[in-house]
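Have a look at final_32.txt; it's compact mmCIF, C-alpha atoms and all ligand atoms:
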# COMPACT_ATOMS: atom_id res chain seq x y z
CA MET A 193 45.96 43.90 -20.58
CA THR A 194 45.40 47.56 -21.32
CA PHE A 195 46.78 49.56 -24.20
CA ASN A 196 49.33 51.12 -21.83
CA ASN A 197 50.45 47.74 -20.44
CA MET A 198 50.92 46.49 -24.00
CA LEU A 199 53.12 49.46 -24.85
CA ASP A 200 55.13 49.14 -21.64
CA LEU A 201 55.83 45.56 -22.66
CA ALA A 202 56.68 46.51 -26.26
CA PHE A 203 59.30 49.02 -25.13
CA LYS A 204 60.98 46.20 -23.15
CA THR A 205 60.77 43.60 -25.94
CA PRO A 206 64.07 43.47 -27.89
CA LEU A 207 62.74 43.77 -31.46
CA TYR A 208 60.54 46.77 -30.70
CA ALA A 209 62.88 48.34 -28.13
CA GLU A 210 65.69 48.40 -30.71
CA LEU A 211 63.50 49.74 -33.51
CA TYR A 212 62.08 52.52 -31.33
CA LYS A 213 65.44 53.44 -29.84
CA ALA A 214 66.98 53.71 -33.31
CA ARG A 215 64.29 56.27 -34.18
CA GLY A 216 64.58 58.15 -30.92
CA ILE A 217 61.03 57.27 -29.84
CA THR A 218 60.47 56.97 -26.11
CA ARG A 219 57.59 55.50 -24.13
CA ASN A 220 56.43 59.04 -23.27
CA ASP A 221 55.87 59.82 -26.95
CA ILE A 222 52.99 57.34 -27.09
CA LYS A 223 50.10 58.50 -24.96
CA SER A 224 47.07 57.36 -26.93
CA VAL A 225 46.01 55.04 -29.73
CA ASP A 226 46.42 57.97 -32.15
CA ASP A 227 50.11 58.15 -31.29
CA LEU A 228 50.61 54.60 -32.58
CA ARG A 229 51.32 56.01 -36.01
CA LYS A 230 54.52 57.55 -34.64
CA LEU A 231 55.84 53.99 -34.29
CA PRO A 232 57.53 52.23 -37.22
CA THR A 233 55.71 49.30 -38.85
CA VAL A 234 57.07 45.78 -38.73
CA SER A 235 56.92 43.04 -41.35
CA LYS A 236 57.21 39.27 -41.41
CA ALA A 237 60.91 39.78 -42.17
CA ASN A 238 61.37 41.51 -38.80
CA LEU A 239 59.70 38.62 -37.00
CA VAL A 240 61.57 35.94 -38.95
CA GLU A 241 65.03 37.39 -38.34
CA ASP A 242 65.13 36.14 -34.73
CA PHE A 243 61.73 35.02 -33.47
CA THR A 244 62.77 35.21 -29.82
CA LYS A 245 63.20 38.99 -30.04
CA SER A 246 59.52 39.70 -30.62
CA ILE A 247 58.23 37.72 -27.64
CA GLY A 248 56.88 39.95 -24.87
CA LYS A 249 56.83 37.46 -22.00
CA PRO A 250 58.99 34.45 -22.95
CA GLU A 251 58.46 32.91 -19.50
CA ASP A 252 54.70 32.60 -20.18
CA VAL A 253 54.96 30.96 -23.62
CA PHE A 254 53.32 27.51 -23.69
CA LYS A 255 53.49 26.69 -27.38
CA TYR A 256 54.73 27.76 -30.79
CA HIS A 257 53.10 27.68 -34.17
CA THR A 258 54.47 28.66 -37.57
CA SER A 259 52.55 30.67 -40.12
CA SER A 260 51.67 29.45 -43.58
CA GLY A 261 54.90 30.68 -45.11
CA THR A 262 53.23 31.69 -48.36
CA SER A 263 56.11 34.05 -48.97
CA GLY A 264 59.09 31.91 -48.03
CA THR A 265 60.42 31.30 -44.52
CA PRO A 266 57.68 30.40 -42.03
CA THR A 267 57.11 32.87 -39.21
CA VAL A 268 57.18 31.54 -35.67
CA VAL A 269 54.34 32.73 -33.46
CA ALA A 270 54.73 32.15 -29.70
CA PHE A 271 51.54 31.83 -27.66
CA THR A 272 50.93 32.29 -23.97
CA ARG A 273 47.86 30.55 -22.56
CA ASN A 274 46.08 33.87 -22.54
CA ASP A 275 47.01 34.56 -26.19
CA TRP A 276 45.59 31.19 -27.18
CA ASP A 277 42.44 31.87 -25.21
CA ILE A 278 41.96 35.17 -27.10
CA TYR A 279 42.34 33.35 -30.44
CA VAL A 280 39.90 30.63 -29.41
CA LYS A 281 37.39 33.28 -28.32
CA GLN A 282 37.76 35.13 -31.66
CA ASN A 283 37.29 31.93 -33.65
CA ALA A 284 34.28 30.90 -31.54
CA LYS A 285 32.80 34.27 -32.43
CA CYS A 286 33.53 33.57 -36.12
CA LEU A 287 31.62 30.29 -35.88
CA LYS A 288 28.68 32.12 -34.30
CA LEU A 289 28.80 34.83 -37.01
CA ILE A 290 28.28 32.21 -39.69
CA GLY A 291 25.22 31.04 -37.80
CA THR A 292 26.44 27.79 -36.28
CA THR A 293 25.41 26.66 -32.77
CA LYS A 294 26.13 24.00 -30.21
CA ASN A 295 23.78 21.73 -32.16
CA ASP A 296 26.21 21.60 -35.08
CA MET A 297 28.85 19.00 -35.74
CA PHE A 298 31.95 20.42 -37.40
CA TYR A 299 34.08 18.45 -39.80
CA ASN A 300 37.48 20.09 -39.45
CA GLY A 301 39.43 19.48 -42.65
CA THR A 302 42.14 21.97 -41.66
CA PRO A 303 45.48 20.26 -40.84
CA TYR A 304 46.29 19.83 -37.15
CA GLY A 305 49.91 20.77 -36.84
CA MET A 306 52.37 23.63 -36.96
CA PHE A 307 49.88 25.89 -38.72
CA PHE A 308 47.53 27.12 -36.00
CA ALA A 309 44.19 27.13 -37.81
CA GLY A 310 43.25 23.47 -37.33
CA LEU A 311 43.85 23.48 -33.60
CA VAL A 312 42.35 26.88 -32.88
CA LEU A 313 39.13 26.05 -34.76
CA HIS A 314 38.99 22.72 -32.94
CA ASP A 315 39.08 24.52 -29.59
CA ALA A 316 36.62 27.15 -30.85
CA ALA A 317 34.03 24.53 -31.82
CA ILE A 318 34.36 22.96 -28.36
CA ARG A 319 33.99 26.40 -26.83
CA ILE A 320 30.60 26.96 -28.46
CA GLY A 321 29.55 23.54 -27.17
CA ALA A 322 29.42 21.84 -30.58
CA LYS A 323 30.81 18.47 -31.66
CA ILE A 324 33.91 18.27 -33.82
CA ILE A 325 35.47 15.60 -36.01
CA PRO A 326 39.23 16.30 -36.13
CA ALA A 327 39.74 15.06 -39.68
CA GLY A 328 42.40 17.52 -40.82
CA ASN A 329 45.25 15.05 -41.12
CA LEU A 330 43.58 12.30 -43.16
CA SER A 331 45.66 11.38 -46.16
CA SER A 332 43.01 10.30 -48.68
CA ILE A 333 39.78 11.79 -49.90
CA ASN A 334 38.07 8.40 -49.57
CA ALA A 335 38.91 8.30 -45.88
CA HIS A 336 37.01 11.59 -45.57
CA PHE A 337 33.90 10.14 -47.20
CA ASN A 338 33.89 7.20 -44.80
CA LEU A 339 33.94 9.55 -41.81
CA ILE A 340 31.39 11.96 -43.23
CA GLU A 341 28.98 9.12 -43.99
CA LEU A 342 29.55 7.67 -40.52
CA PHE A 343 29.07 10.82 -38.43
CA ASN A 344 26.89 13.09 -40.61
CA PRO A 345 28.65 16.37 -39.71
CA THR A 346 26.74 19.56 -40.56
CA VAL A 347 29.57 22.06 -41.19
CA PHE A 348 32.76 21.62 -43.19
CA ILE A 349 35.80 23.70 -42.19
CA GLY A 350 38.76 23.99 -44.54
CA ILE A 351 40.29 25.27 -47.76
CA PRO A 352 37.65 25.87 -50.47
CA GLN A 353 39.70 24.18 -53.19
CA TYR A 354 39.85 21.01 -51.11
CA LEU A 355 36.10 21.00 -50.54
CA PHE A 356 35.54 21.57 -54.26
CA LYS A 357 37.85 18.67 -55.09
CA MET A 358 36.10 16.41 -52.57
CA GLY A 359 32.73 17.15 -54.16
CA ASN A 360 34.00 16.44 -57.66
CA VAL A 361 35.61 13.16 -56.60
CA TYR A 362 32.37 12.11 -54.89
CA ALA A 363 30.39 12.90 -58.04
CA ASP A 364 32.90 10.96 -60.16
CA MET A 365 32.20 7.93 -57.94
CA GLY A 366 28.63 8.08 -59.21
CA LYS A 367 27.32 9.58 -55.97
CA ASP A 368 25.65 12.92 -55.27
CA PRO A 369 27.55 15.33 -52.97
CA ARG A 370 24.13 16.82 -52.07
CA ASP A 371 23.38 13.58 -50.24
CA LEU A 372 26.24 14.28 -47.83
CA SER A 373 25.17 15.77 -44.49
CA PHE A 374 26.81 19.21 -44.83
CA LYS A 375 24.56 22.25 -44.49
CA LYS A 376 27.31 24.89 -44.42
CA ALA A 377 31.00 25.34 -45.03
CA TYR A 378 33.41 27.69 -43.33
CA CYS A 379 36.19 28.32 -45.85
CA LEU A 380 39.61 29.72 -45.02
CA GLY A 381 43.11 30.03 -46.30
CA GLU A 382 42.57 31.73 -49.64
CA PRO A 383 40.28 34.28 -51.29
CA LEU A 384 37.14 32.80 -52.80
CA PRO A 385 35.72 34.45 -55.94
CA ASN A 386 31.90 34.49 -56.10
CA LYS A 387 31.74 32.25 -59.14
CA LYS A 388 33.64 29.53 -57.34
CA ARG A 389 31.63 29.98 -54.16
CA GLU A 390 28.49 29.38 -56.23
CA LEU A 391 30.00 26.26 -57.80
CA ILE A 392 30.72 24.79 -54.35
CA GLU A 393 27.32 25.80 -52.97
CA ASP A 394 25.60 24.20 -55.93
CA LEU A 395 27.71 21.05 -55.83
CA PHE A 396 26.84 20.26 -52.20
CA ASP A 397 23.61 22.29 -51.87
CA ILE A 398 25.13 24.15 -48.90
CA GLU A 399 25.83 27.74 -47.90
CA VAL A 400 29.50 28.75 -47.97
CA PHE A 401 30.95 31.32 -45.56
CA CYS A 402 34.49 32.66 -45.47
CA GLY A 403 36.86 33.55 -42.68
CA TYR A 404 40.09 35.49 -42.66
CA GLY A 405 42.90 35.33 -40.16
CA LEU A 406 46.62 35.73 -39.60
CA SER A 407 48.53 33.64 -37.10
CA GLU A 408 50.36 36.80 -35.94
CA VAL A 409 47.23 38.76 -34.97
CA GLY A 410 43.85 36.99 -35.00
CA ALA A 411 40.76 36.20 -37.06
CA GLY A 412 37.41 37.51 -38.32
CA ALA A 413 34.56 36.07 -40.36
CA GLU A 414 31.63 36.85 -42.61
CA CYS A 415 28.12 37.15 -41.20
CA CYS A 416 24.87 36.36 -43.01
CA GLU A 417 25.16 39.65 -44.95
CA LYS A 418 28.40 38.55 -46.65
CA ARG A 419 29.93 41.98 -47.14
CA GLY A 420 33.37 41.36 -45.69
CA PHE A 421 34.82 40.15 -42.41
CA HIS A 422 33.72 41.35 -38.98
CA TRP A 423 37.02 42.18 -37.35
CA PRO A 424 37.63 41.93 -33.55
CA THR A 425 38.90 45.49 -33.03
CA GLU A 426 38.56 45.06 -29.26
CA ASP A 427 41.61 42.76 -29.58
CA VAL A 428 43.28 43.88 -32.80
CA LEU A 429 43.43 47.40 -34.22
CA VAL A 430 43.50 47.75 -37.98
CA GLU A 431 45.01 50.55 -40.07
CA VAL A 432 45.03 50.93 -43.85
CA LEU A 433 48.43 52.12 -45.07
CA ASP A 434 49.70 53.34 -48.45
CA GLU A 435 46.18 53.62 -49.78
CA GLN A 436 45.72 53.68 -53.54
CA TYR A 437 42.46 53.43 -55.47
CA GLY A 438 40.58 52.91 -52.18
CA LYS A 439 42.68 50.00 -50.99
CA GLY A 440 45.76 49.81 -48.82
CA GLU A 441 47.91 47.43 -46.84
CA LEU A 442 46.01 46.18 -43.79
CA THR A 443 48.27 46.73 -40.81
CA TYR A 444 47.43 45.26 -37.44
CA THR A 445 48.23 45.89 -33.78
CA ALA A 446 47.35 43.08 -31.41
CA LEU A 447 46.36 44.83 -28.17
CA LYS A 448 46.19 41.96 -25.71
CA LYS A 449 48.84 39.43 -26.63
CA THR A 450 52.02 38.91 -24.62
CA GLY A 451 53.67 36.08 -26.59
CA THR A 452 54.75 37.23 -30.08
CA LEU A 453 53.91 40.92 -30.15
CA ALA A 454 52.47 42.33 -33.36
CA ILE A 455 52.56 46.13 -33.27
CA ARG A 456 51.80 47.83 -36.56
CA PHE A 457 52.33 44.52 -38.32
CA ARG A 458 52.12 44.84 -42.10
CA SER A 459 50.01 41.95 -43.38
CA ARG A 460 50.78 42.31 -47.13
CA ASP A 461 47.00 41.95 -47.60
CA LEU A 462 45.27 44.69 -49.58
CA GLY A 463 41.86 45.85 -48.41
CA TYR A 464 39.85 48.60 -46.78
CA ILE A 465 37.58 49.23 -43.81
CA ILE A 466 33.84 49.30 -44.53
CA ASP A 467 32.76 52.35 -42.62
CA GLU A 468 29.06 51.68 -42.03
CA PRO A 469 27.11 49.51 -39.59
CA CYS A 470 26.16 45.98 -40.62
CA SER A 471 22.49 45.07 -40.64
CA CYS A 472 23.22 41.71 -38.99
CA GLY A 473 23.45 43.59 -35.69
CA GLU A 474 27.09 42.73 -34.99
CA LYS A 475 28.85 45.84 -33.74
CA SER A 476 32.46 45.07 -34.70
CA PRO A 477 33.51 46.78 -37.95
CA LEU A 478 33.89 45.06 -41.29
CA ILE A 479 37.04 44.82 -43.31
CA SER A 480 36.72 44.15 -47.01
CA TYR A 481 37.38 40.83 -48.70
CA ILE A 482 41.06 40.35 -49.37
CA GLU A 483 41.32 39.86 -53.11
CA GLU A 484 44.99 40.58 -53.37
CA ARG A 485 48.14 39.98 -51.40
CA ILE A 486 51.04 42.27 -52.33
CA ASP A 487 53.41 39.27 -52.51
CA ASP A 488 51.12 37.35 -54.84
CA LEU A 489 50.91 40.08 -57.48
CA VAL A 490 52.88 38.96 -60.48
CA LYS A 491 54.30 40.88 -63.39
CA ILE A 492 53.82 39.13 -66.73
CA LYS A 493 55.15 40.93 -69.81
CA GLY A 494 55.21 44.13 -67.77
CA THR A 495 51.59 43.90 -66.59
CA LEU A 496 50.84 43.44 -62.91
CA MET A 497 48.16 40.86 -62.22
CA SER A 498 46.69 38.94 -59.35
CA PRO A 499 46.08 35.18 -59.09
CA TYR A 500 42.62 36.09 -57.75
CA ALA A 501 41.58 37.65 -61.08
CA ILE A 502 42.79 34.54 -62.88
CA GLU A 503 40.93 32.24 -60.46
CA GLU A 504 37.78 34.28 -60.98
CA ALA A 505 38.15 34.04 -64.76
CA MET A 506 38.97 30.32 -64.81
CA TYR A 507 35.94 29.29 -62.77
CA SER A 508 33.67 31.46 -64.89
CA VAL A 509 34.22 28.93 -67.68
CA LYS A 510 31.73 26.08 -67.57
CA GLY A 511 33.14 22.66 -66.77
CA VAL A 512 36.44 23.73 -65.18
CA LYS A 513 37.16 21.51 -62.16
CA ASN A 514 40.80 22.27 -61.53
CA TYR A 515 43.59 24.08 -63.32
CA LEU A 516 47.23 25.05 -63.12
CA PHE A 517 48.32 28.42 -64.50
CA VAL A 518 52.10 28.46 -64.95
CA VAL A 519 54.22 31.50 -65.74
CA TYR A 520 57.77 30.80 -66.86
CA ASP A 521 60.65 32.19 -68.80
CA ASP A 522 60.96 30.83 -72.34
CA SER A 523 64.15 32.13 -74.00
CA GLY A 524 63.86 35.44 -72.16
CA LEU A 525 60.12 35.87 -72.75
CA ASP A 526 57.43 35.67 -70.07
CA THR A 527 55.25 32.75 -71.14
CA VAL A 528 52.02 31.26 -69.80
CA SER A 529 50.77 27.69 -70.04
CA ILE A 530 47.45 26.58 -68.62
CA TYR A 531 46.48 23.01 -67.77
CA ILE A 532 42.85 22.17 -67.10
CA GLU A 533 40.92 19.29 -65.61
CA GLY A 534 37.23 19.35 -66.45
CA ASN A 535 34.36 18.26 -68.67
CA GLY A 536 33.77 19.69 -72.11
CA VAL A 537 36.00 22.72 -71.59
CA SER A 538 36.84 24.63 -74.75
CA GLU A 539 40.52 25.57 -75.03
CA GLU A 540 39.55 28.48 -77.26
CA ILE A 541 37.18 29.94 -74.64
CA ILE A 542 39.88 29.66 -71.95
CA LYS A 543 42.33 31.52 -74.21
CA ASN A 544 39.79 34.30 -74.80
CA VAL A 545 38.77 34.60 -71.15
CA ILE A 546 42.36 34.78 -69.94
CA ASN A 547 43.24 37.25 -72.65
CA GLY A 548 40.27 39.35 -71.52
CA VAL A 549 41.51 39.72 -67.94
CA THR A 550 45.28 39.66 -68.47
CA PHE A 551 45.84 40.85 -72.07
CA ILE A 552 48.10 37.83 -72.44
CA THR A 553 47.66 35.01 -74.89
CA PRO A 554 48.69 31.76 -73.25
CA LYS A 555 51.18 29.73 -75.28
CA HIS A 556 49.46 26.45 -74.37
CA VAL A 557 46.02 25.64 -73.05
CA LYS A 558 45.82 21.90 -72.46
CA LEU A 559 43.10 19.66 -71.17
CA VAL A 560 44.70 17.03 -68.95
CA PRO A 561 43.21 13.87 -67.41
CA LYS A 562 41.35 14.01 -64.11
CA ASP A 563 43.64 14.11 -61.04
CA SER A 564 46.80 14.60 -63.10
CA ILE A 565 47.53 18.12 -61.80
CA PRO A 566 49.77 17.66 -58.75
CA ILE A 567 48.71 19.00 -55.35
CA ILE A 568 51.10 21.91 -54.82
CA GLY A 569 51.54 23.03 -51.24
CA ARG A 570 49.08 23.07 -48.35
CA LYS A 571 46.81 25.50 -50.16
CA ILE A 572 46.73 23.45 -53.38
CA ARG A 573 48.09 26.25 -55.55
CA ARG A 574 46.57 26.77 -58.99
CA PHE A 575 48.81 29.72 -59.93
CA TYR A 576 52.50 29.06 -60.21
CA ASP A 577 55.40 31.30 -61.11
CA LEU A 578 58.46 29.27 -62.12
CA ARG A 579 60.53 32.44 -62.42
CA ARG A 580 60.64 32.59 -58.62
CA GLU A 581 62.93 30.26 -56.65
CA ASN A 582 60.84 27.65 -54.87
CA PRO A 583 61.53 24.07 -53.77
CA LEU A 584 58.26 23.04 -55.47
CA ASN A 585 59.46 24.19 -58.91
CA ASN A 586 60.63 20.68 -59.80
CA THR A 587 57.19 19.18 -59.13
CA VAL A 588 55.68 21.68 -61.56
CA ARG A 589 58.43 21.20 -64.20
CA LYS A 590 58.00 17.41 -64.05
CA PHE A 591 54.24 17.77 -64.55
CA MET A 592 54.76 20.14 -67.52
CA LYS A 593 57.14 17.69 -69.19
CA GLU A 594 54.48 14.98 -69.05
CA PHE A 595 52.00 17.13 -70.97
ZN ZN B 1 27.31 41.58 -40.19

Show the structure stored in the file as structure tokens.
Amino acid sequence: MTFNNMLDLAFKTPLYAELYKARGITRNDIKSVDDLRKLPTVSKANLVEDFTKSIGKPEDVFKYHTSSGTSGTPTVVAFTRNDWDIYVKQNAKCLKLIGTTKNDMFYNGTPYGMFFAGLVLHDAAIRIGAKIIPAGNLSSINAHFNLIELFNPTVFIGIPQYLFKMGNVYADMGKDPRDLSFKKAYCLGEPLPNKKRELIEDLFDIEVFCGYGLSEVGAGAECCEKRGFHWPTEDVLVEVLDEQYGKGELTYTALKKTGTLAIRFRSRDLGYIIDEPCSCGEKSPLISYIEERIDDLVKIKGTLMSPYAIEEAMYSVKGVKNYLFVVYDDSGLDTVSIYIEGNGVSEEIIKNVINGVTFITPKHVKLVPKDSIPIIGRKIRRFYDLRRENPLNNTVRKFMKEF
């Protein structure tokens, strides 16, 4: 698939054909990669409207996945066999970037299902010749410990919050998470502030690496230098749009896919390109860590803030194991309540730390018993905005009533 083939296909694919026609753009207007910027961008909303309209070669599709749906309706992504092979290759490269080899045994804690990450990482581990324990769908943390103790896997793959929780539960059982066989973790699904990375590394005595990917376009990972994510630009071009204060919306064009086409796809992720070679020797460029998603930014009492900054602040307080930060409307006023699981955490310190990063004084800061904070969503959300419509609102309201 060349750049020209991809564009030929785009101009015949209903979603893009209609968008380009409406703007009077013809195939002849796009002669090189530089001309891409003449094309309009697309968003998740465009893809969600009618998923069939963004598929380049419907006859070649062999499976569908849906994206995480962090911002509402899940997006369908159609894969041809070749698309899947590209994703597996990218993820295999991610596993190599974090220094794993065929001698490793991966413990894949990412769910195997409609979200693509579990399955693609499974295939990627096989591709590098390693062993893999497909543990992503286990329902209890104890079931995980039985498997880990049985097989002695060397690398954990999954959401950092889940790994952190597993370690704390293991310690609460009177055991030492450092005795588990993990040497490394490959964490995905959410940004990981340094403070929390250190907590996880210390808890298990492992090294934690992060990856970043979107089901619509592909994936990249950190290398040993940990400066950002090496991005596979041979497969996926990246542009930074609407730049402000050095950051902009990362916008991707998948060059080789023929299932769901992503051409100038706005990711809603804010970041930048690191324009210097990496000393690890990997030639593909780095994109910065994604600390903010446009959709996750929340206005509280007129101030815009990011859940990442709150996460960073919360885990800077000694003893915090888990928390739930809830924003809600109390008689027309934006109000914040924070619930914390942990040992010896001072409510006063939490109030001060949160006030320091948000300029907001939480109405309540409450220590709650271990394991009382409900697991909210696949990513185990710690930041919750009740002012937004969401089917999970009742779970959060019920929890708040109890405390
Ligand atoms: Zn590197």

Quiz item: Can you tell me, as a ChimeraX atom specification, what residues are no more than 9 Å from region 517-527 of chain A when counting all atoms listed in the file, ignoring any on the same chain fewer than 3 positions away?
Solution: /A:492-493,499,502,530-532,552-555,574-580,588

Self-check item: Coordinates-based distance that separates CA of Lys418 (chain A) from atom ZN of ligand ZN 1 (chain B) (Å, one decimal)
Solution: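 It comes out at 7.2 Å.
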
Quiz item: What does the distance from CA of Ile217 (chain A) to CA of Val240 (chain A) come to in Å, to one decimal?
Solution: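 We find that CA of Ile217 (chain A) and CA of Val240 (chain A) lie 23.2 Å from each other.
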
Quiz prompt | Long-range neighbours of Gly216 (chain A) as an NGL selection string, 12 Å cut-off, all atoms listed in the file, 5 positions minimum in chain | solution = :A and (209-211 or 221 or 230-232)

Self-check item: Shell of 8 Å around ligand ZN 1 (chain B) (all atoms listed in the file), written as a list in words
Solution: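 For ligand ZN 1 (chain B), the residues inside 8 Å are Leu289, Glu414, Cys415, Cys416, Glu417, Lys418, Arg419, Phe421, His422, Pro469, Cys470, Ser471, Cys472, Gly473, Glu474, Lys475 and Leu478 of chain A.
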
Exercise. In the coordinate frame of the file, compute which residues have an atom within 12 Å of (36.4, 19.7, -75.8) when using all atoms listed in the file, and state them as an MDAnalysis selection string.
Key: chainID A and resid 510:512 532:542 557:560
